[in-house]
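Coordinates from data-v8.txt are shown below (compact mmCIF, C-alpha atoms).
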```
# COMPACT_ATOMS: atom_id res chain seq x y z
CA MET A 887 -17.98 -3.26 18.60
CA LYS A 888 -19.79 -5.63 16.26
CA ALA A 889 -18.80 -9.30 16.28
CA SER A 890 -18.17 -9.25 12.53
CA LYS A 891 -15.71 -6.40 12.98
CA ILE A 892 -13.83 -8.28 15.71
CA ALA A 893 -13.75 -11.50 13.69
CA TYR A 894 -12.43 -9.64 10.65
CA ARG A 895 -9.59 -7.93 12.54
CA PRO A 896 -6.96 -10.73 12.10
CA VAL A 897 -7.87 -10.99 8.43
CA GLY A 898 -7.50 -7.23 8.02
CA LEU A 899 -4.09 -7.27 9.73
CA ALA A 900 -2.82 -10.04 7.47
CA LEU A 901 -4.16 -8.29 4.38
CA GLY A 902 -2.49 -5.06 5.51
CA ALA A 903 0.90 -6.76 5.70
CA ILE A 904 0.42 -8.35 2.29
CA SER A 905 -0.69 -5.07 0.74
CA GLY A 906 2.44 -3.37 2.09
CA LEU A 907 4.66 -5.93 0.37
CA VAL A 908 2.72 -5.66 -2.89
CA ALA A 909 2.76 -1.86 -2.79
CA GLY A 910 6.51 -1.81 -2.13
CA ALA A 911 7.18 -4.01 -5.14
CA ALA A 912 4.82 -1.95 -7.31
CA PHE A 913 6.55 1.27 -6.28
CA LYS A 914 10.00 -0.11 -7.11
CA GLN A 915 8.77 -1.11 -10.56
CA ALA A 916 7.08 2.24 -11.13
CA TRP A 917 10.25 4.07 -10.11
CA LYS A 918 12.28 2.03 -12.61
CA VAL A 919 9.70 2.61 -15.38
CA MET A 920 10.02 6.34 -14.79
CA GLY A 921 13.64 6.03 -15.87
CA HIS A 922 15.38 5.83 -12.51
CA ASP A 923 17.92 3.02 -12.27
CA ASP A 924 18.69 3.27 -8.58
CA ASP A 925 16.56 3.08 -5.46
CA ALA A 926 14.14 5.85 -4.68
CA PRO A 927 15.64 8.68 -2.64
CA ASP A 928 15.13 9.12 1.07
CA ALA A 929 14.33 12.54 2.47
CA THR A 930 17.86 12.74 3.91
CA ASP A 931 19.74 11.83 0.71
CA GLU A 932 22.07 14.77 0.32
CA ASP A 933 22.92 14.07 -3.32
CA ARG A 934 19.26 14.02 -4.48
CA SER A 935 17.24 17.10 -5.37
CA LEU A 936 14.22 18.18 -3.39
CA GLN A 937 12.08 17.72 -6.50
CA GLU A 938 13.19 14.09 -6.88
CA VAL A 939 12.60 13.36 -3.18
CA LEU A 940 9.11 14.88 -3.27
CA LEU A 941 8.22 13.08 -6.50
CA ALA A 942 9.27 9.74 -5.01
CA ALA A 943 7.33 10.39 -1.81
CA ALA A 944 4.16 11.40 -3.67
CA LEU A 945 4.33 8.40 -5.99
CA GLN A 946 4.99 6.03 -3.13
CA GLY A 947 2.10 7.43 -1.10
CA ALA A 948 -0.32 7.20 -4.01
CA ILE A 949 0.65 3.61 -4.79
CA PHE A 950 0.46 2.51 -1.16
CA ALA A 951 -2.95 4.13 -0.68
CA ALA A 952 -4.40 2.62 -3.86
CA VAL A 953 -3.09 -0.88 -3.15
CA LYS A 954 -4.26 -0.76 0.47
CA ALA A 955 -7.74 0.37 -0.56
CA ALA A 956 -8.01 -2.31 -3.25
CA VAL A 957 -6.84 -5.09 -0.93
CA ASP A 958 -9.04 -3.93 1.97
CA ARG A 959 -12.08 -3.75 -0.27
CA ALA A 960 -11.42 -7.17 -1.80
CA GLY A 961 -10.91 -8.65 1.67
CA ALA A 962 -14.16 -7.17 2.96
CA ALA A 963 -16.05 -8.44 -0.08
CA ALA A 964 -14.60 -11.93 0.34
CA TYR A 965 -15.49 -11.85 4.04
CA ARG A 966 -19.08 -10.97 3.15
CA ARG A 967 -19.26 -13.81 0.62
CA LEU A 968 -18.07 -16.24 3.31
CA THR A 969 -20.07 -14.98 6.28
CA GLY A 970 -22.94 -13.00 4.80
CA THR A 971 -22.04 -9.85 6.79
CA TRP A 972 -19.94 -6.81 5.91
CA PRO A 973 -17.03 -6.41 8.34
CA GLY A 974 -17.43 -2.64 8.74
```
Could you express the structure from this file as structure tokens?
Amino acid sequence: MKASKIAYRPVGLALGAISGLVAGAAFKQAWKVMGHDDDAPDATDEDRSLQEVLLAAALQGAIFAAVKAAVDRAGAAAYRRLTGTWPG
């Protein structure tokens, strides 16, 4: 494993935790904007329709993936600016 990859690992872990928090907040806001006042449904919520559960899961997955990719890319670019090497 390359030294730059090893050195970047703690940074990547911290960015991953931060991106999870940001994505969670973004999803809650998106769910409210879509006209839902309450929390997003869980798969086991008996009083929610399958359509609503699947919509929430798809939206949450898309938001989490996009935020994670954006944060990971920004972190790697910042790492390159600081060290001169790409962490991948």
_So, with only C-alpha atoms as the atoms that count, which of A:Arg967, A:Asp931, A:Ala889, A:Val953 lies closest to A:Ser905?_
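Looking only at the distances to A:Ser905, the closest residue turns out to be A:Val953.
Of the listed residues (A:Lys888, A:Asp924, A:Tyr894, A:Gly902), A:Tyr894 comes nearest to A:Ala963; the distances count only C-alpha atoms.
Nearest residue to A:Arg966 among A:Ala893, A:Gln946, A:Ala952, A:Ile904 is A:Ala893, counting all atoms listed in the file.
Between atom CA of A:Ala942 and atom CA of A:Trp917 the separation is 7.7 Å.
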*Do you have the atom CA of A:Gly970-atom CA of A:Lys891 distance handy?*
12.8 Å
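Computed from the coordinates, the atom CA of A:Leu945 to atom CA of A:Gly961 distance equals 24.1 Å.
If you measure from each of A:Asp958, A:Lys918, A:Leu936, A:Asp928 to A:Leu901 using only C-alpha atoms, the closest one turns out to be A:Asp958.
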Exercise: A:Leu907 partners within 12 Å, all atoms listed in the file, chain neighbours under 5 positions left out, as an mmCIF file with C-alpha atoms, keeping the file's coordinate frame:
```cif
data_model
loop_
_atom_site.group_PDB
_atom_site.id
_atom_site.type_symbol
_atom_site.label_atom_id
_atom_site.label_comp_id
_atom_site.auth_asym_id
_atom_site.auth_seq_id
_atom_site.Cartn_x
_atom_site.Cartn_y
_atom_site.Cartn_z
ATOM 1 C CA ALA A 900 -2.820 -10.040 7.470
ATOM 2 C CA LEU A 901 -4.160 -8.290 4.380
ATOM 3 C CA GLY A 902 -2.490 -5.060 5.510
ATOM 4 C CA ALA A 912 4.820 -1.950 -7.310
ATOM 5 C CA PHE A 913 6.550 1.270 -6.280
ATOM 6 C CA LYS A 914 10.000 -0.110 -7.110
ATOM 7 C CA ILE A 949 0.650 3.610 -4.790
ATOM 8 C CA PHE A 950 0.460 2.510 -1.160
ATOM 9 C CA VAL A 953 -3.090 -0.880 -3.150
ATOM 10 C CA LYS A 954 -4.260 -0.760 0.470
ATOM 11 C CA VAL A 957 -6.840 -5.090 -0.930
#
```
*Of the candidates A:Ser890, A:Arg934, A:Leu940, A:Gly947, which shows the shortest atom-to-atom distance to A:Gly910, using all atoms listed in the file?*
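Selected residue with least distance to A:Gly910: A:Gly947.
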